[in-house]
$ cat model-v9.cif   # mmCIF, C-alpha atoms and all ligand atoms
data_target
loop_
_atom_site.label_atom_id
_atom_site.label_comp_id
_atom_site.auth_asym_id
_atom_site.auth_seq_id
_atom_site.Cartn_x
_atom_site.Cartn_y
_atom_site.Cartn_z
CA MET M 106 20.65 -8.52 7.38
CA PHE M 107 16.89 -8.26 7.66
CA PRO M 108 15.83 -11.18 9.87
CA PHE M 109 13.20 -12.65 7.56
CA PHE M 110 15.19 -12.60 4.37
CA LYS M 111 15.21 -16.04 2.75
CA LYS M 112 18.01 -16.35 0.28
CA LYS M 113 16.68 -17.51 -3.07
CA LYS M 114 18.41 -18.09 -6.36
CA THR M 115 18.02 -14.79 -8.20
CA ASN M 116 19.99 -12.32 -10.32
CA MET M 117 18.85 -9.56 -8.08
CA ASP M 118 21.24 -7.31 -6.23
CA ILE M 119 20.16 -7.94 -2.65
CA ARG M 120 21.89 -4.74 -1.56
CA LYS M 121 19.42 -2.77 -3.68
CA ILE M 122 16.13 -4.25 -2.58
CA PRO M 123 13.73 -1.32 -2.00
CA ARG M 124 12.78 -0.74 1.63
CA HIS M 125 9.30 0.33 0.58
CA ILE M 126 7.17 -0.63 -2.42
CA ALA M 127 3.74 0.84 -3.18
CA ILE M 128 1.21 -0.91 -5.42
CA ILE M 129 -1.91 0.23 -7.25
CA MET M 130 -3.71 -3.10 -7.61
CA ASP M 131 -5.68 -2.25 -10.74
CA GLY M 132 -7.64 -4.44 -13.17
CA ASN M 133 -9.84 -6.62 -10.95
CA GLY M 134 -12.99 -5.52 -12.79
CA ARG M 135 -11.55 -6.23 -16.24
CA TRP M 136 -10.22 -9.59 -15.06
CA ALA M 137 -13.76 -10.55 -13.98
CA ALA M 138 -15.40 -9.14 -17.15
CA LYS M 139 -13.07 -11.20 -19.36
CA ARG M 140 -14.41 -14.29 -17.62
CA SER M 141 -18.05 -13.11 -17.53
CA LEU M 142 -17.86 -13.12 -13.74
CA PRO M 143 -19.27 -10.53 -11.34
CA LYS M 144 -16.86 -7.77 -10.21
CA LYS M 145 -16.79 -9.31 -6.74
CA ALA M 146 -15.03 -12.36 -8.19
CA GLY M 147 -12.33 -10.07 -9.59
CA HIS M 148 -11.79 -8.41 -6.22
CA LYS M 149 -11.68 -11.84 -4.54
CA ALA M 150 -8.99 -12.96 -6.97
CA GLY M 151 -7.23 -9.62 -6.34
CA ALA M 152 -7.24 -10.24 -2.59
CA GLN M 153 -5.61 -13.65 -3.21
CA THR M 154 -2.91 -11.98 -5.31
CA LEU M 155 -2.34 -9.52 -2.49
CA GLU M 156 -1.81 -12.43 -0.06
CA LYS M 157 0.69 -14.03 -2.41
CA ILE M 158 2.65 -10.86 -3.19
CA SER M 159 2.84 -9.79 0.45
CA ARG M 160 4.38 -13.15 1.35
CA VAL M 161 6.93 -12.80 -1.47
CA ALA M 162 7.73 -9.22 -0.41
CA MET M 163 8.27 -10.27 3.17
CA ASP M 164 10.52 -13.18 2.16
CA MET M 165 12.59 -10.74 0.11
CA GLY M 166 13.20 -8.53 3.12
CA ILE M 167 11.05 -5.62 1.97
CA GLU M 168 10.20 -3.60 5.06
CA HIS M 169 7.08 -1.76 3.89
CA LEU M 170 4.45 -2.65 1.33
CA THR M 171 1.64 -0.14 0.75
CA VAL M 172 -1.38 -1.20 -1.28
CA TYR M 173 -4.28 0.87 -2.59
CA ALA M 174 -7.37 -1.14 -1.64
CA PHE M 175 -10.11 1.50 -1.58
CA SER M 176 -9.82 5.14 -2.58
CA THR M 177 -11.83 8.20 -1.56
CA GLU M 178 -13.16 8.12 -5.14
CA ASN M 179 -14.26 4.45 -5.02
CA TRP M 180 -17.46 5.45 -3.16
CA LYS M 181 -18.78 6.46 -6.60
CA ARG M 182 -19.07 2.75 -7.53
CA SER M 183 -22.31 0.80 -7.26
CA GLU M 184 -23.59 -0.11 -3.81
CA GLU M 185 -23.27 -3.77 -4.74
CA GLU M 186 -19.60 -3.47 -5.69
CA ILE M 187 -18.75 -1.44 -2.57
CA LYS M 188 -20.47 -4.03 -0.40
CA GLY M 189 -18.52 -6.78 -2.16
CA ILE M 190 -15.18 -5.06 -1.41
CA MET M 191 -16.17 -4.32 2.21
CA ASP M 192 -17.20 -7.96 2.78
CA LEU M 193 -13.87 -9.09 1.38
CA LEU M 194 -12.13 -6.65 3.67
CA ARG M 195 -14.01 -8.05 6.68
CA TYR M 196 -12.93 -11.55 5.70
CA TYR M 197 -9.32 -10.41 5.10
CA LEU M 198 -9.08 -8.67 8.49
CA LYS M 199 -10.63 -11.68 10.26
CA THR M 200 -8.20 -14.11 8.62
CA HIS M 201 -5.28 -11.89 9.60
CA MET M 202 -6.49 -11.80 13.18
CA GLU M 203 -6.45 -15.59 13.29
CA ARG M 204 -2.97 -15.64 11.80
CA ALA M 205 -1.60 -12.78 13.85
CA LYS M 206 -0.10 -15.09 16.48
CA LYS M 207 2.30 -16.81 14.12
CA ASP M 208 2.71 -14.29 11.31
CA GLN M 209 5.33 -11.58 11.49
CA VAL M 210 3.38 -9.03 9.42
CA ARG M 211 2.43 -5.71 11.00
CA ILE M 212 -0.82 -4.34 9.63
CA HIS M 213 -1.31 -0.60 9.40
CA ILE M 214 -4.21 1.17 7.74
CA ILE M 215 -3.76 4.52 6.01
CA GLY M 216 -6.69 6.71 5.00
CA ASP M 217 -9.66 8.12 6.86
CA ILE M 218 -11.29 5.03 8.33
CA HIS M 219 -14.15 6.97 9.96
CA ARG M 220 -16.33 6.58 6.89
CA LEU M 221 -16.09 2.77 7.06
CA ASP M 222 -18.71 0.70 8.91
CA GLU M 223 -18.19 0.66 12.68
CA ASP M 224 -17.49 -3.12 12.80
CA ILE M 225 -14.70 -2.71 10.22
CA GLN M 226 -13.20 0.19 12.17
CA GLU M 227 -13.22 -1.99 15.29
CA GLN M 228 -11.58 -4.92 13.45
CA ILE M 229 -8.90 -2.52 12.17
CA ARG M 230 -8.17 -1.18 15.65
CA ILE M 231 -7.86 -4.72 17.06
CA LEU M 232 -5.64 -5.97 14.24
CA GLU M 233 -3.33 -2.95 14.36
CA GLU M 234 -2.97 -3.41 18.13
CA LEU M 235 -2.41 -7.18 17.83
CA THR M 236 0.34 -6.77 15.23
CA LYS M 237 1.98 -3.51 16.34
CA ASP M 238 5.14 -5.16 17.71
CA LYS M 239 5.69 -7.56 14.81
CA GLN M 240 9.22 -7.44 13.49
CA GLY M 241 8.55 -8.52 9.90
CA MET M 242 7.20 -6.46 7.04
CA CYS M 243 4.66 -3.70 7.60
CA LEU M 244 1.69 -3.99 5.28
CA HIS M 245 0.02 -0.59 4.93
CA ILE M 246 -3.47 -0.96 3.47
CA ALA M 247 -4.95 2.24 2.01
CA LEU M 248 -8.68 2.37 2.80
CA ASN M 249 -10.88 5.36 2.05
CA TYR M 250 -7.53 6.86 1.13
CA GLY M 251 -6.82 9.82 -1.13
CA GLY M 252 -3.49 11.64 -1.33
CA ARG M 253 -5.16 15.06 -1.37
CA ASP M 254 -7.42 14.14 1.52
CA GLU M 255 -4.38 12.95 3.52
CA ILE M 256 -2.55 16.25 2.85
CA ILE M 257 -5.62 18.28 3.86
CA ARG M 258 -6.05 16.26 7.07
CA GLY M 259 -2.34 16.77 7.83
CA ALA M 260 -2.54 20.52 7.13
CA ARG M 261 -5.59 20.85 9.38
CA GLU M 262 -3.82 19.07 12.22
CA PHE M 263 -0.77 21.30 11.81
CA GLY M 264 -3.07 24.36 11.84
CA ARG M 265 -4.70 23.12 15.06
CA ARG M 266 -1.29 22.73 16.72
CA VAL M 267 -0.35 26.28 15.65
CA ALA M 268 -3.68 27.63 16.96
CA GLN M 269 -3.02 25.90 20.30
CA GLY M 270 0.34 27.65 20.48
CA GLU M 271 2.33 24.37 20.30
CA LEU M 272 4.01 25.11 16.96
CA LEU M 273 4.97 28.10 14.84
CA PRO M 274 4.23 28.28 11.07
CA GLU M 275 7.96 28.91 10.49
CA GLN M 276 8.81 25.55 12.02
CA LEU M 277 7.08 23.68 9.21
CA ASP M 278 9.47 21.91 6.83
CA GLU M 279 9.17 18.76 4.72
CA GLY M 280 10.21 16.50 7.57
CA MET M 281 7.67 17.99 9.96
CA PHE M 282 4.88 17.95 7.39
CA GLY M 283 5.60 14.27 6.71
CA SER M 284 5.01 13.60 10.40
CA PHE M 285 1.41 14.85 10.01
CA LEU M 286 0.64 12.33 7.28
CA ASP M 287 -0.74 8.79 7.68
CA THR M 288 2.69 7.43 6.74
CA ALA M 289 4.54 9.28 9.54
CA GLY M 290 7.84 7.55 10.27
CA VAL M 291 7.70 5.38 7.14
CA PRO M 292 10.39 5.92 4.47
CA ASP M 293 9.04 7.08 1.08
CA PRO M 294 8.53 4.27 -1.45
CA GLU M 295 11.48 3.82 -3.78
CA LEU M 296 9.24 1.99 -6.24
CA MET M 297 5.56 2.24 -7.20
CA ILE M 298 4.00 -0.53 -9.29
CA ARG M 299 0.69 -0.16 -11.14
CA THR M 300 -0.96 -3.02 -12.97
CA SER M 301 -3.51 -3.15 -15.80
CA GLY M 302 -1.86 -0.81 -18.31
CA GLU M 303 -3.00 2.45 -16.70
CA GLU M 304 -0.17 4.94 -16.26
CA ARG M 305 -1.22 7.48 -13.63
CA ILE M 306 -1.08 7.76 -9.86
CA SER M 307 -4.79 8.36 -9.23
CA ASN M 308 -4.43 10.34 -5.98
CA PHE M 309 -2.20 7.67 -4.38
CA LEU M 310 0.57 8.78 -1.98
CA LEU M 311 0.92 12.18 -3.69
CA TRP M 312 3.45 13.49 -1.18
CA GLN M 313 5.38 10.24 -0.69
CA LEU M 314 5.87 9.36 -4.39
CA ALA M 315 7.69 12.62 -5.19
CA TYR M 316 10.93 10.83 -6.12
CA SER M 317 9.78 7.23 -6.56
CA GLU M 318 10.50 5.15 -9.63
CA PHE M 319 7.37 3.93 -11.42
CA SER M 320 6.81 0.51 -12.95
CA PHE M 321 3.77 -0.07 -15.14
CA THR M 322 2.64 -3.43 -16.44
CA ASP M 323 -0.26 -4.50 -18.66
CA LYS M 324 -0.97 -7.48 -16.41
CA LEU M 325 -4.30 -7.25 -14.57
CA TRP M 326 -3.80 -7.40 -10.80
CA PRO M 327 -5.30 -10.90 -10.28
CA ASP M 328 -2.84 -12.20 -12.94
CA PHE M 329 0.19 -10.48 -11.39
CA THR M 330 2.75 -13.07 -10.30
CA GLU M 331 5.80 -13.42 -8.09
CA GLU M 332 7.91 -13.26 -11.28
CA ASP M 333 6.24 -9.98 -12.35
CA PHE M 334 6.96 -8.51 -8.92
CA LYS M 335 10.61 -9.58 -9.00
CA LYS M 336 10.98 -8.31 -12.57
CA ALA M 337 9.76 -4.85 -11.49
CA ILE M 338 12.33 -4.82 -8.68
CA PHE M 339 15.08 -6.10 -10.96
CA GLU M 340 14.37 -3.32 -13.47
CA TYR M 341 14.25 -0.75 -10.69
CA GLN M 342 17.79 -1.76 -9.73
CA PHE M 343 19.04 -0.39 -13.07
CA ARG M 344 17.33 2.98 -12.66
CA GLU M 345 19.51 5.90 -11.80
CA ARG M 346 17.93 7.90 -8.98
CA ARG M 347 19.27 11.45 -8.94
CA PHE M 348 16.66 13.24 -6.79
CA GLY M 349 17.03 16.37 -8.95
CA GLY M 350 20.83 16.32 -8.77
CA ARG M 351 23.39 15.31 -11.42
CA LYS M 352 25.08 12.02 -12.14
CA ALA M 353 27.88 11.45 -9.59
C1 LIG M 401 -8.97 -1.81 -8.78
O1 LIG M 401 -9.51 -2.63 -9.77
C2 LIG M 401 -9.12 -2.42 -7.48
C3 LIG M 401 -9.88 -1.93 -6.47
C4 LIG M 401 -10.65 -0.69 -6.54
C5 LIG M 401 -10.01 -2.67 -5.20
C6 LIG M 401 -8.78 -3.40 -4.78
C7 LIG M 401 -9.20 -4.47 -3.87
C8 LIG M 401 -8.59 -5.66 -3.75
C9 LIG M 401 -7.35 -6.06 -4.42
C10 LIG M 401 -9.18 -6.70 -2.89
C11 LIG M 401 -9.61 -6.27 -1.58
C12 LIG M 401 -8.50 -5.86 -0.72
C13 LIG M 401 -8.41 -6.20 0.54
C14 LIG M 401 -7.34 -5.64 1.41
C15 LIG M 401 -9.32 -7.18 1.09
P1 LIG M 401 -10.75 -2.13 -10.61
O2 LIG M 401 -11.97 -2.71 -10.02
O3 LIG M 401 -10.71 -0.64 -10.70
O4 LIG M 401 -10.43 -2.78 -11.99
P2 LIG M 401 -10.96 -2.27 -13.39
O5 LIG M 401 -10.27 -0.96 -13.66
O6 LIG M 401 -10.52 -3.35 -14.34
O7 LIG M 401 -12.44 -2.15 -13.30
#
$ encode --input "model-v9.cif" --output "structure tokens"
Amino acid sequence: MFPFFKKKKTNMDIRKIPRHIAIIMDGNGRWAAKRSLPKKAGHKAGAQTLEKISRVAMDMGIEHLTVYAFSTENWKRSEEEIKGIMDLLRYYLKTHMERAKKDQVRIHIIGDIHRLDEDIQEQIRILEELTKDKQGMCLHIALNYGGRDEIIRGAREFGRRVAQGELLPEQLDEGMFGSFLDTAGVPDPELMIRTSGEERISNFLLWQLAYSEFSFTDKLWPDFTEEDFKKAIFEYQFRERRFGGRKA
């Protein structure tokens, strides 16, 4: 049994808890607009929801949680909003550094971090190093992440290895290509949750979500609760995953 699983009263089938859940945390802006608050307040509330849901996920024994925090397309937003998200990120990384001693969460960033400010890149490197041996859940935070960008970066790296004579084009298969992605070594998500009523994947984990089950909810991310999260998992447990095959 996963060491950090806390048994709670639930109807859930604990044998069918996904190993990996991905989340598109959408709706922070609308949450703030409904309250006549600046967008930054919505992202702040969203970051609090992320804290809460990661704790729940870890207590349930989920091994990997991947969240979409900033996409390659989010640079199109106003300077003010981008700064608001980056400041929140700084605060989030700092808080995690303070907690790293007692927490069992491993932090891993996916995406091309080189476009982020140098101080954030440094904080990321420190936090990943500090938490790399943690035995609890791995929280993968997607920053300056785009599924297409990740695939292109992976393809370029494969091409470089071929050019250096280390690999042959014929050796490339799905398993090897996966090892060139940011999620190398991480099982594909069994379940992807998106909040706020939008039903698309918006360039998130394009390769990894090939066979995932999707769960969409109208709830805006800051309003998303532990119960909503458990409901999505409970419903997933009734899905029949055939991976292109037929019913057994
Ligand atoms: C989508 O809502 C959310 C984002 C683009 C940012 C997500 C960021 C957080 C949850 C907080 C920061 C995260 C960390 C790790 C500190 P939206 O703004 O697109 O919502 P809208 O569609 O209603 O405008």
$ residues_near_ligand --input "model-v9.cif" --ligand "ligand LIG 401 (chain M)" --cutoff "8 Å" --atoms "all atoms listed in the file" --output "PDB file with C-alpha atoms, keeping the file's coordinate frame"
ATOM      1  CA  ILE M 129      -1.910   0.230  -7.250  1.00  0.00           C
ATOM      2  CA  MET M 130      -3.710  -3.100  -7.610  1.00  0.00           C
ATOM      3  CA  ASP M 131      -5.680  -2.250 -10.740  1.00  0.00           C
ATOM      4  CA  GLY M 132      -7.640  -4.440 -13.170  1.00  0.00           C
ATOM      5  CA  ASN M 133      -9.840  -6.620 -10.950  1.00  0.00           C
ATOM      6  CA  GLY M 134     -12.990  -5.520 -12.790  1.00  0.00           C
ATOM      7  CA  ARG M 135     -11.550  -6.230 -16.240  1.00  0.00           C
ATOM      8  CA  TRP M 136     -10.220  -9.590 -15.060  1.00  0.00           C
ATOM      9  CA  ALA M 137     -13.760 -10.550 -13.980  1.00  0.00           C
ATOM     10  CA  LYS M 144     -16.860  -7.770 -10.210  1.00  0.00           C
ATOM     11  CA  GLY M 147     -12.330 -10.070  -9.590  1.00  0.00           C
ATOM     12  CA  HIS M 148     -11.790  -8.410  -6.220  1.00  0.00           C
ATOM     13  CA  LYS M 149     -11.680 -11.840  -4.540  1.00  0.00           C
ATOM     14  CA  ALA M 150      -8.990 -12.960  -6.970  1.00  0.00           C
ATOM     15  CA  GLY M 151      -7.230  -9.620  -6.340  1.00  0.00           C
ATOM     16  CA  ALA M 152      -7.240 -10.240  -2.590  1.00  0.00           C
ATOM     17  CA  GLN M 153      -5.610 -13.650  -3.210  1.00  0.00           C
ATOM     18  CA  THR M 154      -2.910 -11.980  -5.310  1.00  0.00           C
ATOM     19  CA  LEU M 155      -2.340  -9.520  -2.490  1.00  0.00           C
ATOM     20  CA  VAL M 172      -1.380  -1.200  -1.280  1.00  0.00           C
ATOM     21  CA  TYR M 173      -4.280   0.870  -2.590  1.00  0.00           C
ATOM     22  CA  ALA M 174      -7.370  -1.140  -1.640  1.00  0.00           C
ATOM     23  CA  PHE M 175     -10.110   1.500  -1.580  1.00  0.00           C
ATOM     24  CA  SER M 176      -9.820   5.140  -2.580  1.00  0.00           C
ATOM     25  CA  ASN M 179     -14.260   4.450  -5.020  1.00  0.00           C
ATOM     26  CA  ILE M 190     -15.180  -5.060  -1.410  1.00  0.00           C
ATOM     27  CA  MET M 191     -16.170  -4.320   2.210  1.00  0.00           C
ATOM     28  CA  LEU M 193     -13.870  -9.090   1.380  1.00  0.00           C
ATOM     29  CA  LEU M 194     -12.130  -6.650   3.670  1.00  0.00           C
ATOM     30  CA  ARG M 195     -14.010  -8.050   6.680  1.00  0.00           C
ATOM     31  CA  TYR M 196     -12.930 -11.550   5.700  1.00  0.00           C
ATOM     32  CA  TYR M 197      -9.320 -10.410   5.100  1.00  0.00           C
ATOM     33  CA  LEU M 198      -9.080  -8.670   8.490  1.00  0.00           C
ATOM     34  CA  ILE M 246      -3.470  -0.960   3.470  1.00  0.00           C
ATOM     35  CA  SER M 301      -3.510  -3.150 -15.800  1.00  0.00           C
ATOM     36  CA  LEU M 325      -4.300  -7.250 -14.570  1.00  0.00           C
ATOM     37  CA  TRP M 326      -3.800  -7.400 -10.800  1.00  0.00           C
ATOM     38  CA  PRO M 327      -5.300 -10.900 -10.280  1.00  0.00           C
TER      39      PRO M 327
END
$ closest_residue --input "model-v9.cif" --among "M:Lys199, M:Arg120, M:Arg299, M:Arg182" --to "Phe329 (chain M)" --atoms "only C-alpha atoms"
M:Arg299
$ closest_residue --input "model-v9.cif" --among "M:Gln209, M:Ser141, M:Gln342, M:Ser317" --to "Gln240 (chain M)" --atoms "all atoms listed in the file"
M:Gln209
$ residues_around --input "model-v9.cif" --residues "Ile256 (chain M)" --least-positions-apart "2" --cutoff "9 Å" --atoms "all atoms listed in the file" --output "list in words"
Gly251, Gly252, Arg253, Asp254, Arg258, Gly259, Ala260, Arg261, Phe282, Phe285, Leu286, Leu311 and Trp312 of chain M
$ atom_distance --input "model-v9.cif" --atom1 "CA of Gln226 (chain M)" --atom2 "CA of Ile158 (chain M)"
24.7 Å
$ closest_residue --input "model-v9.cif" --among "M:His213, M:Arg344, M:Lys181, M:Gly241" --to "Ala289 (chain M)" --atoms "all atoms listed in the file"
M:His213
$ closest_atom_pairs --input "model-v9.cif" --of "region 150-208 of chain M" --to "region 290-298 of chain M" --cutoff "9 Å" --atoms "all atoms listed in the file" --output "Markdown table"
| residue | atom | partner | partner_atom | distance |
| --- | --- | --- | --- | --- |
| M:His169 | CA | M:Val291 | CA | 7.9 |
| M:Leu170 | CA | M:Pro294 | CA | 8.5 |
| M:Thr171 | CA | M:Pro294 | CA | 8.5 |
$ atom_distance --input "model-v9.cif" --atom1 "CA of Asp208 (chain M)" --atom2 "CA of Gly166 (chain M)"
14.5 Å
$ atom_distance --input "model-v9.cif" --atom1 "CA of Pro274 (chain M)" --atom2 "CA of Asn249 (chain M)"
28.9 Å
$ closest_residue --input "model-v9.cif" --among "M:Arg305, M:Leu248, M:Leu232, M:Phe339" --to "His219 (chain M)" --atoms "all atoms listed in the file"
M:Leu248
$ closest_residue --input "model-v9.cif" --among "M:Lys239, M:Lys188, M:Lys139, M:Lys121" --to "Val210 (chain M)" --atoms "only C-alpha atoms"
M:Lys239
$ axis_aligned_box --input "model-v9.cif" --around "region 178-191 of chain M" --padding-each-side "5 Å" --output "JSON"
{"center_x": -18.4, "center_y": 0.7, "center_z": -2.7, "size_x": 20.4, "size_y": 24.9, "size_z": 19.7}
$ closest_residue --input "model-v9.cif" --among "M:Met165, M:Met281, M:Arg160, M:Glu345" --to "Tyr316 (chain M)" --atoms "all atoms listed in the file"
M:Glu345
$ residues_around --input "model-v9.cif" --residues "Glu331 (chain M)" --least-positions-apart "5" --cutoff "9 Å" --atoms "all atoms listed in the file" --output "count of residues only"
5
